[in-house]
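Trainee: Got a structure for you, questions after.
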Amino acid sequence: MLRYTAQRLLLVIPTLIAVAVLVFFLVRVLPGDPVEVKLIGEFGDVNPELIYKERKRLGLEDPLHIQFVNFMVGLPQGDMGISLVTERPLTQEIGARITISIELAFFATLLSVIIAFPLGTAAALYRGTWFDYVIRIITIGGLAVPSFWFGMLIIMALLATVGKLPSLDTAGLFEDPMANLYTLFWPALSVGYRYSSVIARMLRSSILEVLAEDYIRTARAKGLYERIVIVKHGMRNALLPTVTVVGLEFAFLIGGLVVTEQVFNINGIGKMFVEAVQFNDMTMLQGLVLIVATSFVLINLLVDLLYAALDPRIRYQA
Amino acid sequence: MTVSAPTENESDADIKTSAQQLKAEQPSRRTVSDFIKQQPLGTIGFLIIVILFLSAIFAPDVAPYDPEEVDFMASPALGGGAPGSEHLLGGDAFGRDILSRLIFGARTALSIGFFSAFIGCSIGAIIGIVSAFAGGKVDILVQRGIDLLLSFPIIILAILVIAIVPKNVVFGIDINVIIAISIPFIPKCARVIRSAALSIVTLAYVDAAKAAGYKGSRIVFRHILPNVVAPYLILITAYIGQAILLEASLSFLGLGVVEPTPSWGLMLAGVNSDYYITAPWMIVFPGLAVTLAVFAFNLLGDSLRDWLDPKLKL
């Protein structure tokens, strides 16, 4: 296991470097000049000299390779540069808004797993009954419903019943956990519906696949209780592909965050991302994409390790 | 892979087919009536898609109003616009007929959905096949590139491309949105098609073609390509749904299609918070349209997979 972990960890480093390089150059092709937008006069007039000075001050006039070296050297030290719009360090800007997004992502994942497990298991065990069909329609629906629209429907329902929306800036997680969880519950549900559908579908098909295996027949033939056969012999093996899906679908979760934060007006990094595109804030975009891609790579690493921990065959193969 | 036709190198185990297996393999006749009988849900999906396509093509004849016709008397801002005999699904903030905008919106959704899935999957398929056929260093290099692109979530990559590619509308279709949506599909399709192609590259007839001295391009196009058509079709169907969803999300964020082009996602973007209570129809119907379209493509994609290639992992 140690050797496998080391191998996977070593693979992550070149991937992360490649991601950083790609992001750097992608962002440099962005059309439009954020400095020009900032300095544009009341009547649409631009002063080229002023713009040049400002660009020089922000380091945008440096040759590309110097900018690149500065960027790559700064990264390991936790320095991602400054935002071109607010001129504050990116780590500060993003740090102020990332907590709520992480909380939301974590909560949505938890909620999805809680919803998906009973649904997926029940659908597999009652395969072909009306119960299975209902769950199937719910989960196929989850793949089709746009998460922002689902969020809007939730808001509509809340306004129609409670008359107001849970305020989002009342409580931090550690000050008042219950109030905090309540405010995040609805956005998490709106992002998590799709997520839970995908997990439930995967779980259903992998349980069905596992239950057809010889060792399940053996376990039953030994006279084990059906509950033990399913939980100990079935579920445990069906978990493997499901864990992979939880990791892979995390990317969709991030996509869901980008739109859900708009709908619920949550000041997280998803909203920040859209703002950065709208304001042409090149460095901000660079920092955000880098953070998202890095966390995605790390989540996948975690999934791989978990996979190896669950399935001895994988770690012995490596 | 069950796509390829039986070949001469089938092992004895394959020939000793039990009665049960024979029964399971019967659908290989693959006629339309078989599909309808075996995949009722897929047939429903297909019918919904046909209706959507027809209404998109004949939009000017089907839609009761001009989608851009402003009628402030039918605007919820002035207390009007509720669904009724005049406007079946109500009016939006400018009093434009929602049903007509939905029908014309189908044009946007389907054209962007189809073209981006087609472009993304086709480029991905070619990369996947070439990578599998070339093998060795080329394959490793392509795989690393794909890994790299896969480390960006779809919507993040799409938004980045939107920011980079200048806005460009040809025949009323937003080319930049199509490019932005198709690029994230490329690595995903390349990976699936590569694994499908890998199992074909090792078959005897490919060796035979190589031994006969055919050029690589001929082997790729004549011998490998036809055998990955099934997963390719399944991928396109599944990704049209994804593309429609993505277009709606981008337009909702104000980064996709822009006014006055009718787009389902865009219709949801302009919803003022007051309308959540006073004009819920402005929210419910466009979202239903997106859901129905994606639902239909998912149903068809799922059924196509079950029917053509049950083992394919998407």
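As shown in the structure tokens, the chain order sets the letters A, B, ...; within each chain, residues go from 1, and ligands are also counted from 1 in the order they appear.
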Mind checking DSSP for stretch 29-176 of chain B and telling me the strand (DSSP E) residues as a PyMOL selection string?

Mentor: chain B and resi 169-170+173-174

Trainee: Produce a table with one row for each residue of chain A that has an atom at most 9 Å from any atom of chain B, each row naming the nearest atom pair and its distance in Å at one decimal; use only C-alpha atoms; arrange rows by chain and rising residue number; format as a tab-separated table.

Mentor:
residue	atom	partner	partner_atom	distance
A:Thr15	CA	B:Leu148	CA	6.6
A:Leu16	CA	B:Leu148	CA	8.7
A:Ala18	CA	B:Leu148	CA	7.2
A:Val19	CA	B:Leu148	CA	6.5
A:Leu22	CA	B:Leu148	CA	8.8
A:Leu26	CA	B:Ile164	CA	8.0
A:Val27	CA	B:Ile164	CA	7.9
A:Val29	CA	B:Ile164	CA	6.3
A:Leu30	CA	B:Ile164	CA	4.6
A:Pro31	CA	B:Ile164	CA	6.1
A:Ile140	CA	B:Phe295	CA	7.0
A:Gly141	CA	B:Phe295	CA	6.6
A:Leu143	CA	B:Phe295	CA	7.5
A:Ala144	CA	B:Thr291	CA	5.0
A:Val145	CA	B:Thr291	CA	4.9
A:Pro146	CA	B:Leu245	CA	6.4
A:Ser147	CA	B:Ser249	CA	8.7
A:Phe148	CA	B:Ser249	CA	7.5
A:Trp149	CA	B:Gly287	CA	5.8
A:Phe150	CA	B:Gly287	CA	8.3
A:Met152	CA	B:Ile283	CA	7.5
A:Leu153	CA	B:Val284	CA	7.6
A:Ile155	CA	B:Tyr276	CA	7.8
A:Met156	CA	B:Tyr276	CA	5.6
A:Leu159	CA	B:Ile277	CA	7.2
A:Ala160	CA	B:Ile277	CA	7.0
A:Phe250	CA	B:Pro153	CA	8.5
A:Ala251	CA	B:Pro153	CA	4.8
A:Phe252	CA	B:Pro153	CA	6.7
A:Leu253	CA	B:Pro153	CA	8.9
A:Ile254	CA	B:Pro153	CA	7.1
A:Gly255	CA	B:Ile155	CA	5.4
A:Gly256	CA	B:Ile155	CA	8.7
A:Val258	CA	B:Ile155	CA	8.4
A:Val259	CA	B:Ser249	CA	6.9
A:Gln262	CA	B:Leu253	CA	7.8
A:Phe273	CA	B:Ile156	CA	8.7
A:Val274	CA	B:Leu253	CA	7.5
A:Val277	CA	B:Ala163	CA	6.5
A:Gln278	CA	B:Leu255	CA	8.4
A:Asn280	CA	B:Ala163	CA	8.3
A:Leu285	CA	B:Leu160	CA	8.5
A:Val289	CA	B:Ile156	CA	7.2
A:Val292	CA	B:Phe152	CA	7.5
A:Ala293	CA	B:Phe152	CA	5.3
A:Thr294	CA	B:Ser151	CA	7.8
A:Phe296	CA	B:Ser151	CA	6.3
A:Val297	CA	B:Ser151	CA	6.0

Trainee: What does the file look like for those residues with C-alpha atoms, as a PDB file, in the first residue's frame?

Mentor:
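Saved to again_30.pdb:
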ATOM      1  CA  THR A  15       0.184  16.525 -13.745  1.00  0.00           C
ATOM      2  CA  LEU A  16      -0.111  19.572 -11.503  1.00  0.00           C
ATOM      3  CA  ALA A  18       1.332  20.595 -16.609  1.00  0.00           C
ATOM      4  CA  VAL A  19      -2.003  21.994 -15.419  1.00  0.00           C
ATOM      5  CA  LEU A  22      -1.603  25.026 -19.564  1.00  0.00           C
ATOM      6  CA  LEU A  26      -4.677  29.597 -21.935  1.00  0.00           C
ATOM      7  CA  VAL A  27      -5.332  32.689 -19.875  1.00  0.00           C
ATOM      8  CA  VAL A  29      -4.796  34.167 -25.035  1.00  0.00           C
ATOM      9  CA  LEU A  30      -7.824  35.890 -23.511  1.00  0.00           C
ATOM     10  CA  PRO A  31      -8.914  38.760 -25.721  1.00  0.00           C
ATOM     11  CA  ILE A 140     -32.953   9.565 -14.689  1.00  0.00           C
ATOM     12  CA  GLY A 141     -34.729  12.813 -13.853  1.00  0.00           C
ATOM     13  CA  LEU A 143     -29.492  13.539 -14.704  1.00  0.00           C
ATOM     14  CA  ALA A 144     -31.779  15.724 -16.808  1.00  0.00           C
ATOM     15  CA  VAL A 145     -32.800  18.489 -14.421  1.00  0.00           C
ATOM     16  CA  PRO A 146     -30.500  21.516 -14.676  1.00  0.00           C
ATOM     17  CA  SER A 147     -29.229  22.163 -11.152  1.00  0.00           C
ATOM     18  CA  PHE A 148     -29.816  25.913 -11.393  1.00  0.00           C
ATOM     19  CA  TRP A 149     -33.438  25.331 -12.347  1.00  0.00           C
ATOM     20  CA  PHE A 150     -33.887  22.864  -9.511  1.00  0.00           C
ATOM     21  CA  MET A 152     -34.960  28.086  -8.585  1.00  0.00           C
ATOM     22  CA  LEU A 153     -37.815  25.646  -7.944  1.00  0.00           C
ATOM     23  CA  ILE A 155     -36.516  28.950  -3.875  1.00  0.00           C
ATOM     24  CA  MET A 156     -40.018  29.187  -5.316  1.00  0.00           C
ATOM     25  CA  LEU A 159     -41.045  31.524  -0.796  1.00  0.00           C
ATOM     26  CA  ALA A 160     -44.493  30.025  -1.257  1.00  0.00           C
ATOM     27  CA  PHE A 250     -16.997  15.672  -8.260  1.00  0.00           C
ATOM     28  CA  ALA A 251     -16.240  17.593 -11.441  1.00  0.00           C
ATOM     29  CA  PHE A 252     -19.940  17.946 -12.094  1.00  0.00           C
ATOM     30  CA  LEU A 253     -20.402  19.078  -8.544  1.00  0.00           C
ATOM     31  CA  ILE A 254     -18.006  21.958  -9.185  1.00  0.00           C
ATOM     32  CA  GLY A 255     -19.937  22.802 -12.327  1.00  0.00           C
ATOM     33  CA  GLY A 256     -23.095  22.711 -10.256  1.00  0.00           C
ATOM     34  CA  VAL A 258     -20.805  27.661 -10.434  1.00  0.00           C
ATOM     35  CA  VAL A 259     -24.486  27.959 -11.323  1.00  0.00           C
ATOM     36  CA  GLN A 262     -25.548  32.373  -8.783  1.00  0.00           C
ATOM     37  CA  PHE A 273     -15.251  32.580 -11.422  1.00  0.00           C
ATOM     38  CA  VAL A 274     -18.118  34.029 -13.449  1.00  0.00           C
ATOM     39  CA  VAL A 277     -14.734  36.187 -16.785  1.00  0.00           C
ATOM     40  CA  GLN A 278     -17.084  39.156 -16.913  1.00  0.00           C
ATOM     41  CA  ASN A 280     -11.716  40.085 -17.729  1.00  0.00           C
ATOM     42  CA  LEU A 285      -9.215  33.398 -13.643  1.00  0.00           C
ATOM     43  CA  VAL A 289      -8.905  27.489 -12.589  1.00  0.00           C
ATOM     44  CA  VAL A 292     -10.289  23.942  -9.131  1.00  0.00           C
ATOM     45  CA  ALA A 293      -8.110  21.731 -11.333  1.00  0.00           C
ATOM     46  CA  THR A 294      -5.719  21.013  -8.473  1.00  0.00           C
ATOM     47  CA  PHE A 296      -9.970  17.838  -8.818  1.00  0.00           C
ATOM     48  CA  VAL A 297      -6.635  16.081  -9.351  1.00  0.00           C
TER      49      VAL A 297
END

Trainee: Which polymer residues have any atom within 12 Å of an atom of B:Asp207, counting only C-alpha atoms, with same-chain residues fewer than 5 positions away left out, as a PyMOL selection string?

Mentor: chain B and resi 133+200-202+212-214+216+219+223-224

Trainee: When distances are computed from only C-alpha atoms, which of A:Glu213, A:Glu103, A:Glu275, A:Glu249 shows the smallest separation from A:Val198?

Mentor: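 Nearest candidate to A:Val198 out of A:Glu213, A:Glu103, A:Glu275, A:Glu249: A:Glu249.
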
Trainee: Going by DSSP on the backbone, which residues of stretch 76-310 of chain A come out as helix (DSSP H, G or I)? List them as an MDAnalysis selection string.

Mentor: chainID A and resid 76:77 90:125 130:144 147:161 177:211 214:221 226:248 250:263 269:278 282:310

Trainee: What separation in Å, quoted to one decimal, exists between atom CA of A:Leu158 and atom CA of A:Gly192?

Mentor: 17.6 Å

Trainee: What is the atom CA of B:Tyr232 to atom CA of B:Arg191 distance in Å?

Mentor: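 Atom CA of B:Arg191 lies 11.4 Å from atom CA of B:Tyr232.
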
Trainee: Excluding A:Phe106 and residues on its chain fewer than 4 positions from it, collect all residues at most 12 Å away from it, counting only C-alpha atoms, and give them as a list of chain:residue names.

Mentor: A:Thr99, A:Ile100, A:Ser101, A:Ile102, A:Leu110, A:Leu111, A:Ser112, A:Val113, A:Leu181, A:Leu184, A:Phe185, A:Pro187, A:Ala188, A:Leu189, A:Val191, A:Gly192, A:Val246, A:Phe250, A:Leu253, A:Ile254, A:Leu257, A:Ile299

Trainee: So which residues touch stretch 242-245 of chain A within 12 Å, counting only C-alpha atoms, skipping near sequence neighbours fewer than 4 positions away, as a PDB file with C-alpha atoms, in the first residue's frame?

Mentor:
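Heads up, here's the output in result.pdb:
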ATOM      1  CA  THR A 109     -21.548  15.184  -1.378  1.00  0.00           C
ATOM      2  CA  VAL A 113     -24.444   9.770  -0.510  1.00  0.00           C
ATOM      3  CA  ALA A 116     -28.212   7.599  -2.939  1.00  0.00           C
ATOM      4  CA  PHE A 117     -27.342   4.587  -0.799  1.00  0.00           C
ATOM      5  CA  GLY A 120     -29.613   2.434  -5.097  1.00  0.00           C
ATOM      6  CA  THR A 121     -29.647  -0.567  -2.772  1.00  0.00           C
ATOM      7  CA  TYR A 195     -24.894  13.703  -7.866  1.00  0.00           C
ATOM      8  CA  SER A 196     -27.117  11.383  -5.848  1.00  0.00           C
ATOM      9  CA  SER A 197     -28.825  10.116  -9.015  1.00  0.00           C
ATOM     10  CA  VAL A 198     -25.528   9.161 -10.573  1.00  0.00           C
ATOM     11  CA  ILE A 199     -24.361   7.403  -7.410  1.00  0.00           C
ATOM     12  CA  ALA A 200     -27.668   5.570  -6.953  1.00  0.00           C
ATOM     13  CA  ARG A 201     -27.632   4.315 -10.558  1.00  0.00           C
ATOM     14  CA  MET A 202     -24.063   3.114 -10.278  1.00  0.00           C
ATOM     15  CA  LEU A 203     -24.756   1.431  -6.953  1.00  0.00           C
ATOM     16  CA  ARG A 204     -27.808  -0.341  -8.365  1.00  0.00           C
ATOM     17  CA  SER A 205     -25.990  -1.765 -11.345  1.00  0.00           C
ATOM     18  CA  SER A 206     -22.897  -2.772  -9.390  1.00  0.00           C
ATOM     19  CA  ILE A 207     -24.932  -4.491  -6.676  1.00  0.00           C
ATOM     20  CA  MET A 235     -22.291  -4.244  -0.733  1.00  0.00           C
ATOM     21  CA  ARG A 236     -18.626  -4.289   0.090  1.00  0.00           C
ATOM     22  CA  ASN A 237     -17.691  -5.303  -3.435  1.00  0.00           C
ATOM     23  CA  ALA A 238     -20.315  -3.122  -5.035  1.00  0.00           C
ATOM     24  CA  GLU A 249     -18.708  13.165 -10.508  1.00  0.00           C
ATOM     25  CA  PHE A 250     -16.997  15.672  -8.260  1.00  0.00           C
ATOM     26  CA  ALA A 251     -16.240  17.593 -11.441  1.00  0.00           C
ATOM     27  CA  PHE A 252     -19.940  17.946 -12.094  1.00  0.00           C
ATOM     28  CA  LEU A 253     -20.402  19.078  -8.544  1.00  0.00           C
ATOM     29  CA  ILE A 299      -9.755  14.250  -5.183  1.00  0.00           C
ATOM     30  CA  ASN A 300      -9.026  11.722  -7.907  1.00  0.00           C
ATOM     31  CA  LEU A 301      -5.815  10.772  -6.131  1.00  0.00           C
ATOM     32  CA  LEU A 302      -7.804  10.253  -2.953  1.00  0.00           C
ATOM     33  CA  VAL A 303     -10.290   8.078  -4.839  1.00  0.00           C
ATOM     34  CA  ASP A 304      -7.482   5.998  -6.295  1.00  0.00           C
ATOM     35  CA  LEU A 305      -5.981   5.467  -2.865  1.00  0.00           C
ATOM     36  CA  LEU A 306      -9.347   4.609  -1.374  1.00  0.00           C
ATOM     37  CA  TYR A 307      -9.886   2.194  -4.214  1.00  0.00           C
ATOM     38  CA  ALA A 308      -6.599   0.487  -3.456  1.00  0.00           C
ATOM     39  CA  ALA A 309      -7.467   0.331   0.224  1.00  0.00           C
ATOM     40  CA  LEU A 310     -10.798  -1.306  -0.594  1.00  0.00           C
ATOM     41  CA  ASP A 311      -9.486  -3.696  -3.223  1.00  0.00           C
TER      42      ASP A 311
ATOM     43  CA  LYS B 313     -18.600   2.263 -19.907  1.00  0.00           C
ATOM     44  CA  LEU B 314     -19.348   5.912 -20.559  1.00  0.00           C
TER      45      LEU B 314
END

Trainee: Just the number, please: distance in Å from atom CA of A:Glu49 to atom CA of A:Arg88, one decimal.

Mentor: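 Interatomic distance here is 23.8 Å.
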
Trainee: Extract, using only C-alpha atoms, all DNA, RNA and protein residues at most 12 Å from stretch 73-80 of chain A, discarding same-chain residues fewer than 2 positions from it, and format them as a ChimeraX atom specification.

Mentor: /A:13,16-17,20-21,24,65-71,82-84,88-95,282-291

Trainee: Suppose we keep N, CA and C atoms; can you now write the selection as an mmCIF file, in the first residue's frame?

Mentor:
data_model
loop_
_atom_site.group_PDB
_atom_site.id
_atom_site.type_symbol
_atom_site.label_atom_id
_atom_site.label_comp_id
_atom_site.auth_asym_id
_atom_site.auth_seq_id
_atom_site.Cartn_x
_atom_site.Cartn_y
_atom_site.Cartn_z
ATOM 1 N N ILE A 13 2.495 15.050 -9.261
ATOM 2 C CA ILE A 13 3.315 16.265 -9.391
ATOM 3 C C ILE A 13 3.460 16.737 -10.839
ATOM 4 N N LEU A 16 0.171 18.241 -12.023
ATOM 5 C CA LEU A 16 -0.111 19.572 -11.503
ATOM 6 C C LEU A 16 0.724 20.634 -12.215
ATOM 7 N N ILE A 17 1.998 20.313 -12.485
ATOM 8 C CA ILE A 17 2.847 21.275 -13.193
ATOM 9 C C ILE A 17 2.282 21.531 -14.594
ATOM 10 N N ALA A 20 -0.673 23.781 -14.427
ATOM 11 C CA ALA A 20 -0.293 25.180 -14.208
ATOM 12 C C ALA A 20 0.194 25.810 -15.515
ATOM 13 N N VAL A 21 1.025 25.075 -16.269
ATOM 14 C CA VAL A 21 1.551 25.611 -17.528
ATOM 15 C C VAL A 21 0.400 25.874 -18.506
ATOM 16 N N PHE A 24 -1.669 28.872 -17.488
ATOM 17 C CA PHE A 24 -0.938 30.122 -17.726
ATOM 18 C C PHE A 24 -1.098 30.561 -19.176
ATOM 19 N N HIS A 65 8.158 35.068 -21.047
ATOM 20 C CA HIS A 65 8.898 34.064 -20.281
ATOM 21 C C HIS A 65 9.211 34.540 -18.863
ATOM 22 N N ILE A 66 9.373 35.868 -18.703
ATOM 23 C CA ILE A 66 9.606 36.394 -17.353
ATOM 24 C C ILE A 66 8.334 36.225 -16.517
ATOM 25 N N GLN A 67 7.197 36.578 -17.130
ATOM 26 C CA GLN A 67 5.920 36.407 -16.425
ATOM 27 C C GLN A 67 5.731 34.955 -16.016
ATOM 28 N N PHE A 68 6.095 34.064 -16.941
ATOM 29 C CA PHE A 68 5.910 32.639 -16.695
ATOM 30 C C PHE A 68 6.778 32.168 -15.535
ATOM 31 N N VAL A 69 8.045 32.586 -15.560
ATOM 32 C CA VAL A 69 8.961 32.177 -14.482
ATOM 33 C C VAL A 69 8.458 32.721 -13.147
ATOM 34 N N ASN A 70 8.056 34.009 -13.145
ATOM 35 C CA ASN A 70 7.548 34.592 -11.906
ATOM 36 C C ASN A 70 6.362 33.796 -11.366
ATOM 37 N N PHE A 71 5.478 33.427 -12.298
ATOM 38 C CA PHE A 71 4.272 32.689 -11.916
ATOM 39 C C PHE A 71 4.626 31.328 -11.335
ATOM 40 N N ILE A 82 -1.504 38.962 -8.002
ATOM 41 C CA ILE A 82 -2.593 39.806 -7.520
ATOM 42 C C ILE A 82 -3.727 39.833 -8.530
ATOM 43 N N SER A 83 -4.911 40.172 -8.035
ATOM 44 C CA SER A 83 -6.055 40.344 -8.939
ATOM 45 C C SER A 83 -5.856 41.630 -9.720
ATOM 46 N N LEU A 84 -6.145 41.596 -11.024
ATOM 47 C CA LEU A 84 -5.950 42.792 -11.839
ATOM 48 C C LEU A 84 -7.021 43.831 -11.549
ATOM 49 N N ARG A 88 -5.571 43.118 -4.925
ATOM 50 C CA ARG A 88 -5.211 42.420 -3.681
ATOM 51 C C ARG A 88 -4.652 41.055 -4.050
ATOM 52 N N PRO A 89 -3.804 40.477 -3.161
ATOM 53 C CA PRO A 89 -3.252 39.151 -3.473
ATOM 54 C C PRO A 89 -4.380 38.129 -3.674
ATOM 55 N N LEU A 90 -4.191 37.264 -4.674
ATOM 56 C CA LEU A 90 -5.225 36.286 -4.992
ATOM 57 C C LEU A 90 -5.492 35.345 -3.833
ATOM 58 N N THR A 91 -4.417 34.959 -3.132
ATOM 59 C CA THR A 91 -4.611 34.015 -2.031
ATOM 60 C C THR A 91 -5.585 34.609 -1.010
ATOM 61 N N GLN A 92 -5.469 35.928 -0.787
ATOM 62 C CA GLN A 92 -6.374 36.593 0.145
ATOM 63 C C GLN A 92 -7.797 36.620 -0.401
ATOM 64 N N GLU A 93 -7.907 37.041 -1.672
ATOM 65 C CA GLU A 93 -9.227 37.166 -2.301
ATOM 66 C C GLU A 93 -9.955 35.826 -2.328
ATOM 67 N N ILE A 94 -9.232 34.818 -2.813
ATOM 68 C CA ILE A 94 -9.869 33.504 -2.947
ATOM 69 C C ILE A 94 -10.103 32.891 -1.576
ATOM 70 N N GLY A 95 -9.114 33.061 -0.686
ATOM 71 C CA GLY A 95 -9.220 32.503 0.660
ATOM 72 C C GLY A 95 -10.472 32.975 1.369
ATOM 73 N N MET A 282 -7.788 38.458 -15.694
ATOM 74 C CA MET A 282 -6.965 37.356 -16.171
ATOM 75 C C MET A 282 -6.302 36.565 -15.046
ATOM 76 N N THR A 283 -5.645 37.274 -14.130
ATOM 77 C CA THR A 283 -4.904 36.566 -13.079
ATOM 78 C C THR A 283 -5.849 35.838 -12.121
ATOM 79 N N MET A 284 -6.999 36.477 -11.871
ATOM 80 C CA MET A 284 -7.989 35.838 -10.998
ATOM 81 C C MET A 284 -8.469 34.527 -11.617
ATOM 82 N N LEU A 285 -8.755 34.579 -12.920
ATOM 83 C CA LEU A 285 -9.215 33.398 -13.643
ATOM 84 C C LEU A 285 -8.163 32.293 -13.550
ATOM 85 N N GLN A 286 -6.914 32.716 -13.736
ATOM 86 C CA GLN A 286 -5.798 31.787 -13.678
ATOM 87 C C GLN A 286 -5.737 31.102 -12.311
ATOM 88 N N GLY A 287 -5.857 31.894 -11.261
ATOM 89 C CA GLY A 287 -5.795 31.353 -9.909
ATOM 90 C C GLY A 287 -6.948 30.398 -9.631
ATOM 91 N N LEU A 288 -8.154 30.815 -10.053
ATOM 92 C CA LEU A 288 -9.321 29.992 -9.758
ATOM 93 C C LEU A 288 -9.287 28.657 -10.505
ATOM 94 N N VAL A 289 -8.955 28.733 -11.803
ATOM 95 C CA VAL A 289 -8.905 27.489 -12.589
ATOM 96 C C VAL A 289 -7.862 26.549 -11.997
ATOM 97 N N LEU A 290 -6.756 27.136 -11.588
ATOM 98 C CA LEU A 290 -5.684 26.345 -11.009
ATOM 99 C C LEU A 290 -6.156 25.633 -9.734
ATOM 100 N N ILE A 291 -6.856 26.372 -8.897
ATOM 101 C CA ILE A 291 -7.333 25.793 -7.637
ATOM 102 C C ILE A 291 -8.336 24.676 -7.898
#

Trainee: When distances are computed from only C-alpha atoms, which of B:Thr108, B:Ser303, B:Asn227, B:Ser131 shows the smallest separation from B:Pro262?

Mentor: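 For B:Pro262, the nearest of the candidates is B:Thr108.
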
Trainee: Mind checking which residues fall within 12 Å of A:Asp132, counting only C-alpha atoms, ignoring those fewer than 2 positions away in the same chain, and posting them as a list in words?

Mentor: Pro118, Leu119, Gly120, Thr121, Ala122, Ala123, Ala124, Leu125, Tyr126, Arg127, Gly128, Thr129, Trp130, Val134, Ile135, Arg136, Ile137, Ile138, Thr139, Ala200, Arg201, Arg204 and Ser205 of chain A

Trainee: Could you check which of A:Leu298, A:Leu239, A:Ala157, A:Ile228 is closest to A:Leu9, using only C-alpha atoms?

Mentor: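 Using only C-alpha atoms, A:Leu9 sits closest to A:Leu298.
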